[in-house]
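Quick look at model06.cif (mmCIF, N, CA and C atoms):
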data_upload
#
loop_
_atom_site.label_atom_id
_atom_site.label_comp_id
_atom_site.auth_asym_id
_atom_site.auth_seq_id
_atom_site.Cartn_x
_atom_site.Cartn_y
_atom_site.Cartn_z
N VAL A 1 3.18 -41.00 9.74
CA VAL A 1 3.21 -40.50 11.10
C VAL A 1 1.91 -39.73 11.35
N VAL A 2 1.22 -40.09 12.40
CA VAL A 2 -0.04 -39.46 12.75
C VAL A 2 0.17 -38.68 14.04
N VAL A 3 -0.20 -37.41 14.03
CA VAL A 3 -0.08 -36.56 15.21
C VAL A 3 -1.47 -36.21 15.69
N GLU A 4 -1.74 -36.53 16.96
CA GLU A 4 -3.04 -36.20 17.54
C GLU A 4 -2.89 -34.95 18.40
N ARG A 5 -3.86 -34.07 18.30
CA ARG A 5 -3.84 -32.84 19.08
C ARG A 5 -5.10 -32.76 19.92
N ASN A 6 -4.92 -32.34 21.12
CA ASN A 6 -6.07 -32.13 21.98
C ASN A 6 -6.56 -30.70 21.79
N THR A 7 -7.78 -30.55 21.33
CA THR A 7 -8.30 -29.21 21.03
C THR A 7 -8.57 -28.40 22.29
N ASP A 8 -8.78 -29.06 23.44
CA ASP A 8 -9.02 -28.32 24.68
C ASP A 8 -7.76 -27.57 25.11
N GLU A 9 -6.59 -28.15 24.89
CA GLU A 9 -5.35 -27.48 25.26
C GLU A 9 -5.02 -26.35 24.30
N MET A 10 -5.40 -26.49 23.03
CA MET A 10 -5.08 -25.49 22.02
C MET A 10 -5.96 -24.25 22.14
N SER A 11 -7.19 -24.39 22.66
CA SER A 11 -8.11 -23.27 22.65
C SER A 11 -7.68 -22.15 23.60
N GLY A 12 -7.07 -22.45 24.73
CA GLY A 12 -6.66 -21.43 25.67
C GLY A 12 -5.22 -21.00 25.51
N GLN A 13 -4.61 -21.36 24.40
CA GLN A 13 -3.19 -21.12 24.21
C GLN A 13 -2.86 -19.66 23.93
N PHE A 14 -3.70 -18.96 23.18
CA PHE A 14 -3.43 -17.60 22.78
C PHE A 14 -4.36 -16.64 23.50
N ALA A 15 -3.81 -15.55 23.98
CA ALA A 15 -4.64 -14.53 24.63
C ALA A 15 -5.33 -13.69 23.56
N LYS A 16 -6.57 -13.35 23.80
CA LYS A 16 -7.33 -12.55 22.85
C LYS A 16 -7.12 -11.07 23.12
N LYS A 17 -7.09 -10.28 22.06
CA LYS A 17 -6.95 -8.84 22.20
C LYS A 17 -8.26 -8.24 22.68
N PRO A 18 -8.19 -7.18 23.49
CA PRO A 18 -9.45 -6.55 23.93
C PRO A 18 -10.16 -5.91 22.75
N GLY A 19 -11.49 -6.04 22.73
CA GLY A 19 -12.28 -5.47 21.64
C GLY A 19 -12.56 -6.46 20.53
N TYR A 20 -11.89 -7.60 20.52
CA TYR A 20 -12.10 -8.60 19.50
C TYR A 20 -13.08 -9.66 20.01
N GLU A 21 -14.00 -10.03 19.14
CA GLU A 21 -14.92 -11.12 19.45
C GLU A 21 -15.11 -11.93 18.18
N LYS A 22 -14.75 -13.18 18.21
CA LYS A 22 -14.91 -14.11 17.10
C LYS A 22 -14.29 -13.57 15.81
N GLY A 23 -13.03 -13.18 15.87
CA GLY A 23 -12.30 -12.81 14.67
C GLY A 23 -12.47 -11.39 14.20
N GLY A 24 -13.08 -10.51 14.96
CA GLY A 24 -13.22 -9.12 14.52
C GLY A 24 -13.50 -8.21 15.69
N PHE A 25 -13.65 -6.94 15.43
CA PHE A 25 -13.98 -6.00 16.48
C PHE A 25 -15.42 -6.22 16.92
N ALA A 26 -15.74 -5.72 18.11
CA ALA A 26 -17.07 -5.92 18.67
C ALA A 26 -18.13 -5.27 17.78
N ASP A 27 -17.87 -4.06 17.29
CA ASP A 27 -18.83 -3.37 16.43
C ASP A 27 -18.20 -3.22 15.05
N GLU A 28 -18.50 -4.14 14.16
CA GLU A 28 -17.86 -4.14 12.85
C GLU A 28 -18.77 -3.56 11.78
N SER A 29 -19.88 -2.91 12.19
CA SER A 29 -20.83 -2.41 11.20
C SER A 29 -20.30 -1.18 10.47
N ASN A 30 -19.45 -0.36 11.12
CA ASN A 30 -18.96 0.86 10.47
C ASN A 30 -17.57 0.67 9.87
N PHE A 31 -17.15 -0.56 9.66
CA PHE A 31 -15.84 -0.83 9.08
C PHE A 31 -15.92 -0.79 7.56
N HIS A 32 -14.84 -0.35 6.95
CA HIS A 32 -14.78 -0.26 5.50
C HIS A 32 -13.51 -0.93 4.99
N ARG A 33 -13.59 -1.41 3.76
CA ARG A 33 -12.38 -1.86 3.07
C ARG A 33 -11.80 -0.63 2.40
N ILE A 34 -10.56 -0.34 2.74
CA ILE A 34 -9.92 0.88 2.24
C ILE A 34 -8.71 0.49 1.43
N ARG A 35 -8.62 1.02 0.22
CA ARG A 35 -7.47 0.77 -0.66
C ARG A 35 -6.74 2.09 -0.86
N ILE A 36 -5.47 2.10 -0.47
CA ILE A 36 -4.63 3.28 -0.63
C ILE A 36 -3.65 2.99 -1.75
N THR A 37 -3.70 3.79 -2.81
CA THR A 37 -2.81 3.63 -3.96
C THR A 37 -1.79 4.76 -3.94
N LEU A 38 -0.51 4.39 -3.93
CA LEU A 38 0.58 5.36 -3.91
C LEU A 38 1.36 5.25 -5.21
N THR A 39 1.60 6.38 -5.87
CA THR A 39 2.41 6.40 -7.09
C THR A 39 3.47 7.48 -6.97
N SER A 40 4.65 7.20 -7.52
CA SER A 40 5.74 8.16 -7.46
C SER A 40 6.81 7.78 -8.47
N ARG A 41 7.66 8.78 -8.79
CA ARG A 41 8.82 8.52 -9.63
C ARG A 41 10.04 8.17 -8.79
N ASN A 42 10.00 8.48 -7.50
CA ASN A 42 11.12 8.25 -6.60
C ASN A 42 10.78 7.09 -5.66
N VAL A 43 11.55 6.00 -5.72
CA VAL A 43 11.24 4.80 -4.94
C VAL A 43 11.46 5.04 -3.45
N LYS A 44 12.50 5.78 -3.08
CA LYS A 44 12.79 6.01 -1.66
C LYS A 44 11.66 6.76 -0.97
N HIS A 45 11.15 7.79 -1.62
CA HIS A 45 10.04 8.55 -1.05
C HIS A 45 8.79 7.67 -0.94
N LEU A 46 8.56 6.84 -1.96
CA LEU A 46 7.39 5.97 -1.99
C LEU A 46 7.44 4.94 -0.86
N GLU A 47 8.58 4.30 -0.68
CA GLU A 47 8.73 3.29 0.37
C GLU A 47 8.62 3.92 1.76
N LYS A 48 9.10 5.14 1.91
CA LYS A 48 9.02 5.83 3.20
C LYS A 48 7.57 6.09 3.58
N VAL A 49 6.78 6.59 2.63
CA VAL A 49 5.37 6.86 2.90
C VAL A 49 4.63 5.55 3.18
N CYS A 50 4.95 4.48 2.44
CA CYS A 50 4.33 3.17 2.66
C CYS A 50 4.59 2.68 4.08
N SER A 51 5.84 2.76 4.52
CA SER A 51 6.18 2.27 5.85
C SER A 51 5.52 3.10 6.94
N GLN A 52 5.39 4.42 6.73
CA GLN A 52 4.71 5.27 7.71
C GLN A 52 3.23 4.91 7.82
N LEU A 53 2.58 4.67 6.68
CA LEU A 53 1.16 4.30 6.70
C LEU A 53 0.94 2.95 7.38
N ILE A 54 1.79 1.98 7.08
CA ILE A 54 1.65 0.65 7.65
C ILE A 54 1.95 0.65 9.15
N ASP A 55 2.96 1.41 9.57
CA ASP A 55 3.27 1.51 11.00
C ASP A 55 2.11 2.13 11.76
N GLY A 56 1.52 3.18 11.19
CA GLY A 56 0.38 3.83 11.84
C GLY A 56 -0.82 2.90 11.95
N ALA A 57 -1.05 2.08 10.92
CA ALA A 57 -2.19 1.15 10.94
C ALA A 57 -1.95 0.03 11.94
N LYS A 58 -0.70 -0.44 12.03
CA LYS A 58 -0.40 -1.53 12.96
C LYS A 58 -0.46 -1.05 14.41
N LYS A 59 -0.15 0.22 14.65
CA LYS A 59 -0.28 0.77 16.01
C LYS A 59 -1.74 0.79 16.45
N LYS A 60 -2.65 0.99 15.50
CA LYS A 60 -4.09 0.98 15.79
C LYS A 60 -4.66 -0.43 15.78
N GLU A 61 -3.81 -1.44 15.53
CA GLU A 61 -4.19 -2.86 15.49
C GLU A 61 -5.26 -3.13 14.43
N LEU A 62 -5.01 -2.65 13.22
CA LEU A 62 -5.92 -2.88 12.10
C LEU A 62 -5.39 -3.98 11.20
N LYS A 63 -6.28 -4.53 10.40
CA LYS A 63 -5.87 -5.53 9.41
C LYS A 63 -5.23 -4.80 8.24
N VAL A 64 -3.97 -5.15 7.93
CA VAL A 64 -3.23 -4.49 6.86
C VAL A 64 -2.75 -5.55 5.87
N LYS A 65 -2.94 -5.27 4.59
CA LYS A 65 -2.37 -6.12 3.54
C LYS A 65 -1.55 -5.22 2.63
N GLY A 66 -0.32 -5.60 2.42
CA GLY A 66 0.51 -4.81 1.52
C GLY A 66 1.79 -4.39 2.18
N PRO A 67 2.59 -3.62 1.53
CA PRO A 67 2.35 -2.98 0.23
C PRO A 67 2.51 -3.97 -0.93
N VAL A 68 1.56 -3.93 -1.83
CA VAL A 68 1.62 -4.74 -3.04
C VAL A 68 2.36 -3.92 -4.09
N ARG A 69 3.46 -4.43 -4.56
CA ARG A 69 4.28 -3.71 -5.54
C ARG A 69 3.83 -4.08 -6.95
N LEU A 70 3.26 -3.10 -7.63
CA LEU A 70 2.81 -3.31 -9.00
C LEU A 70 3.97 -3.09 -9.96
N PRO A 71 3.88 -3.62 -11.18
CA PRO A 71 4.97 -3.45 -12.13
C PRO A 71 5.25 -1.98 -12.46
N THR A 72 6.52 -1.66 -12.64
CA THR A 72 6.95 -0.30 -12.93
C THR A 72 6.61 0.04 -14.38
N LYS A 73 6.03 1.22 -14.57
CA LYS A 73 5.73 1.68 -15.93
C LYS A 73 6.92 2.50 -16.42
N ASN A 74 7.44 2.16 -17.58
CA ASN A 74 8.53 2.91 -18.21
C ASN A 74 7.96 3.71 -19.36
N LEU A 75 7.97 5.03 -19.22
CA LEU A 75 7.52 5.90 -20.29
C LEU A 75 8.76 6.38 -21.03
N VAL A 76 8.89 6.02 -22.31
CA VAL A 76 10.09 6.31 -23.09
C VAL A 76 9.74 7.23 -24.25
N ILE A 77 10.54 8.29 -24.42
CA ILE A 77 10.39 9.19 -25.57
C ILE A 77 11.72 9.19 -26.31
N THR A 78 11.68 8.84 -27.60
CA THR A 78 12.87 8.87 -28.44
C THR A 78 12.74 10.06 -29.37
N THR A 79 13.77 10.92 -29.40
CA THR A 79 13.70 12.14 -30.21
C THR A 79 15.05 12.40 -30.88
N ARG A 80 15.02 13.14 -31.98
CA ARG A 80 16.26 13.51 -32.68
C ARG A 80 17.00 14.58 -31.91
N LYS A 81 18.33 14.49 -31.89
CA LYS A 81 19.14 15.51 -31.21
C LYS A 81 19.19 16.80 -32.01
N SER A 82 19.21 16.67 -33.32
CA SER A 82 19.34 17.85 -34.18
C SER A 82 18.01 18.59 -34.27
N PRO A 83 17.99 19.90 -34.01
CA PRO A 83 16.72 20.63 -34.07
C PRO A 83 16.24 20.87 -35.50
N CYS A 84 17.14 20.89 -36.49
CA CYS A 84 16.73 21.24 -37.85
C CYS A 84 16.53 20.03 -38.75
N GLY A 85 16.99 18.86 -38.32
CA GLY A 85 16.83 17.67 -39.16
C GLY A 85 18.01 17.42 -40.08
N GLU A 86 18.97 18.33 -40.14
CA GLU A 86 20.16 18.16 -40.97
C GLU A 86 21.22 17.38 -40.19
N GLY A 87 22.21 16.89 -40.89
CA GLY A 87 23.34 16.25 -40.22
C GLY A 87 23.10 14.77 -39.94
N THR A 88 23.93 14.25 -39.04
CA THR A 88 23.87 12.81 -38.73
C THR A 88 22.60 12.49 -37.95
N ASN A 89 22.09 11.32 -38.19
CA ASN A 89 20.88 10.90 -37.47
C ASN A 89 21.28 10.41 -36.08
N THR A 90 21.30 11.30 -35.11
CA THR A 90 21.58 10.91 -33.72
C THR A 90 20.31 11.11 -32.91
N TRP A 91 20.12 10.20 -31.98
CA TRP A 91 18.87 10.15 -31.24
C TRP A 91 19.13 10.23 -29.74
N ASP A 92 18.17 10.81 -29.00
CA ASP A 92 18.15 10.82 -27.54
C ASP A 92 16.97 9.99 -27.08
N ARG A 93 17.18 9.22 -25.99
CA ARG A 93 16.08 8.48 -25.37
C ARG A 93 15.88 8.99 -23.96
N PHE A 94 14.70 9.51 -23.67
CA PHE A 94 14.36 9.97 -22.34
C PHE A 94 13.37 8.98 -21.72
N GLU A 95 13.56 8.69 -20.43
CA GLU A 95 12.76 7.66 -19.78
C GLU A 95 12.27 8.17 -18.42
N MET A 96 11.02 7.92 -18.12
CA MET A 96 10.47 8.23 -16.81
C MET A 96 9.84 6.95 -16.26
N ARG A 97 10.28 6.56 -15.07
CA ARG A 97 9.75 5.34 -14.44
C ARG A 97 8.74 5.72 -13.37
N ILE A 98 7.59 5.07 -13.41
CA ILE A 98 6.53 5.33 -12.44
C ILE A 98 6.33 4.06 -11.62
N HIS A 99 6.54 4.19 -10.30
CA HIS A 99 6.40 3.08 -9.37
C HIS A 99 5.07 3.20 -8.65
N LYS A 100 4.45 2.05 -8.35
CA LYS A 100 3.11 2.05 -7.77
C LYS A 100 3.02 1.01 -6.66
N ARG A 101 2.38 1.38 -5.55
CA ARG A 101 2.16 0.48 -4.42
C ARG A 101 0.70 0.56 -4.01
N ILE A 102 0.17 -0.57 -3.53
CA ILE A 102 -1.21 -0.61 -3.03
C ILE A 102 -1.19 -1.17 -1.61
N ILE A 103 -1.89 -0.47 -0.70
CA ILE A 103 -2.05 -0.92 0.68
C ILE A 103 -3.53 -1.08 0.93
N MET A 104 -3.94 -2.22 1.50
CA MET A 104 -5.35 -2.46 1.79
C MET A 104 -5.55 -2.52 3.30
N LEU A 105 -6.54 -1.78 3.78
CA LEU A 105 -6.86 -1.72 5.21
C LEU A 105 -8.31 -2.12 5.44
N HIS A 106 -8.59 -2.57 6.65
CA HIS A 106 -9.95 -2.87 7.07
C HIS A 106 -10.16 -2.10 8.36
N SER A 107 -10.76 -0.90 8.27
CA SER A 107 -10.86 -0.04 9.45
C SER A 107 -12.04 0.91 9.33
N PRO A 108 -12.43 1.55 10.45
CA PRO A 108 -13.43 2.61 10.39
C PRO A 108 -12.87 3.85 9.71
N SER A 109 -13.74 4.67 9.14
CA SER A 109 -13.26 5.83 8.39
C SER A 109 -12.66 6.90 9.29
N GLU A 110 -13.08 7.00 10.57
CA GLU A 110 -12.50 8.02 11.44
C GLU A 110 -11.05 7.68 11.83
N ILE A 111 -10.74 6.40 11.94
CA ILE A 111 -9.35 6.01 12.23
C ILE A 111 -8.48 6.25 11.00
N LEU A 112 -9.06 6.12 9.81
CA LEU A 112 -8.31 6.37 8.57
C LEU A 112 -7.79 7.80 8.53
N LYS A 113 -8.57 8.75 9.02
CA LYS A 113 -8.14 10.15 9.04
C LYS A 113 -6.91 10.32 9.91
N GLN A 114 -6.84 9.60 11.03
CA GLN A 114 -5.68 9.68 11.91
C GLN A 114 -4.45 9.07 11.26
N ILE A 115 -4.63 7.96 10.56
CA ILE A 115 -3.50 7.26 9.93
C ILE A 115 -2.93 8.09 8.79
N THR A 116 -3.80 8.67 7.96
CA THR A 116 -3.35 9.40 6.77
C THR A 116 -2.93 10.83 7.07
N SER A 117 -2.89 11.23 8.33
CA SER A 117 -2.47 12.59 8.67
C SER A 117 -0.96 12.71 8.80
N ILE A 118 -0.20 11.81 8.17
CA ILE A 118 1.26 11.85 8.19
C ILE A 118 1.75 12.85 7.15
N SER A 119 3.01 13.23 7.27
CA SER A 119 3.58 14.12 6.26
C SER A 119 3.97 13.28 5.04
N ILE A 120 3.40 13.61 3.91
CA ILE A 120 3.64 12.85 2.68
C ILE A 120 4.77 13.51 1.92
N GLU A 121 5.71 12.69 1.47
CA GLU A 121 6.89 13.18 0.75
C GLU A 121 6.47 13.87 -0.55
N PRO A 122 7.25 14.87 -1.00
CA PRO A 122 6.91 15.52 -2.28
C PRO A 122 7.10 14.56 -3.44
N GLY A 123 6.17 14.61 -4.38
CA GLY A 123 6.25 13.75 -5.55
C GLY A 123 5.53 12.43 -5.39
N VAL A 124 4.92 12.18 -4.22
CA VAL A 124 4.16 10.94 -4.00
C VAL A 124 2.67 11.28 -4.08
N ASP A 125 1.97 10.62 -5.01
CA ASP A 125 0.53 10.82 -5.15
C ASP A 125 -0.20 9.74 -4.36
N VAL A 126 -1.19 10.15 -3.57
CA VAL A 126 -1.96 9.22 -2.73
C VAL A 126 -3.40 9.26 -3.18
N GLU A 127 -3.96 8.07 -3.42
CA GLU A 127 -5.36 7.94 -3.80
C GLU A 127 -6.02 6.97 -2.83
N VAL A 128 -7.08 7.41 -2.15
CA VAL A 128 -7.77 6.59 -1.16
C VAL A 128 -9.14 6.22 -1.71
N THR A 129 -9.43 4.92 -1.74
CA THR A 129 -10.72 4.42 -2.21
C THR A 129 -11.37 3.67 -1.05
N ILE A 130 -12.60 4.04 -0.71
CA ILE A 130 -13.32 3.42 0.40
C ILE A 130 -14.50 2.64 -0.15
N ALA A 131 -14.63 1.37 0.30
CA ALA A 131 -15.76 0.52 -0.10
C ALA A 131 -16.34 -0.08 1.15
N ASP A 132 -17.65 -0.42 1.14
CA ASP A 132 -18.26 -1.08 2.28
C ASP A 132 -17.73 -2.48 2.40
N SER A 133 -17.67 -2.99 3.64
CA SER A 133 -17.13 -4.32 3.87
C SER A 133 -18.16 -5.41 3.59
N ASN A 134 -19.42 -5.04 3.39
CA ASN A 134 -20.47 -6.04 3.14
C ASN A 134 -20.50 -6.49 1.72
#
Taking this structure as input, can you express it in the form of structure tokens?
Amino acid sequence: VVVERNTDEMSGQFAKKPGYEKGGFADESNFHRIRITLTSRNVKHLEKVCSQLIDGAKKKELKVKGPVRLPTKNLVITTRKSPCGEGTNTWDRFEMRIHKRIIMLHSPSEILKQITSISIEPGVDVEVTIADSN
């Protein structure tokens, strides 16, 4: 089955957003690739901060990729229950899980300050890395 499409009809099909010209903003010289890394022991707090950051970026009509969920790190410590070493060999296992998310943005640095001015939940670490888009 062969489907033919008329490119003249397809070109005017979608309305362009104001400020965009040929796939980007009119002045794209001050744009940066921004990587926001979020780490926490509590998943609910982490997901809440992620959704707030992404909602803020989408309101500004920025390019957003993520959240990319990285594998959970399990830190395990096995220790003896008995403080003196006498008696039965009984053991305790303590575990701390560290969850990590990455959000990538393509925006000017002044808009980044507005997006990241949200209230961040306690226990969530935020690391912002800025690189040039060139």
Would you mind reading off the distance between atom C of Met104 in chain A and atom C of Lys73 in chain A, one decimal, in Å?
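Atom-to-atom, atom C of Met104 in chain A and atom C of Lys73 in chain A are spaced 23.9 Å apart.
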Given the PyMOL selection byres (((chain A and resi 100 and name CA) around 9) and name CA) and the file above, list the residues it selects as a list in words.
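This file gives the following for the PyMOL selection byres (((chain A and resi 100 and name CA) around 9) and name CA): Thr37, Leu38, Thr39, Ser40, Arg41, Leu46, Val68, Arg69, Leu70, Pro71, Thr72, Lys73, Ile98, His99, Arg101 and Ile102 of chain A.
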At what distance in Å, to one decimal, does atom C of Ala57 in chain A lie from atom C of Glu127 in chain A?
16.8 Å
Measure the distance from CA of Val124 in chain A to atom N of Gln52 in chain A in Å and round it to one decimal.
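It comes out at 12.6 Å.
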Give me the result of the PyMOL selection byres ((chain A and resi 80) around 6) on this file, residue by residue, as a list of chain:residue names.
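In the shown coordinates, the PyMOL selection byres ((chain A and resi 80) around 6) covers A:Thr78, A:Thr79, A:Lys81, A:Ser82, A:Pro83, A:Thr90, A:Trp91, A:Asp92.
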In range 36-112 of chain A, what's strand (DSSP E or B) per DSSP? Answer as a PyMOL selection string?
chain A and resi 36-40+63-80+91-108
Residue with smallest distance to Lys63 in chain A - pool A:Asn30, A:Thr116, A:Leu105, A:Pro122, counting all atoms listed in the file
A:Leu105
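Checking A:Glu95, A:Val76, A:Gly85, A:Gly56 one by one against Ile118 in chain A, counting only C-alpha atoms, you find the shortest gap at A:Gly56.
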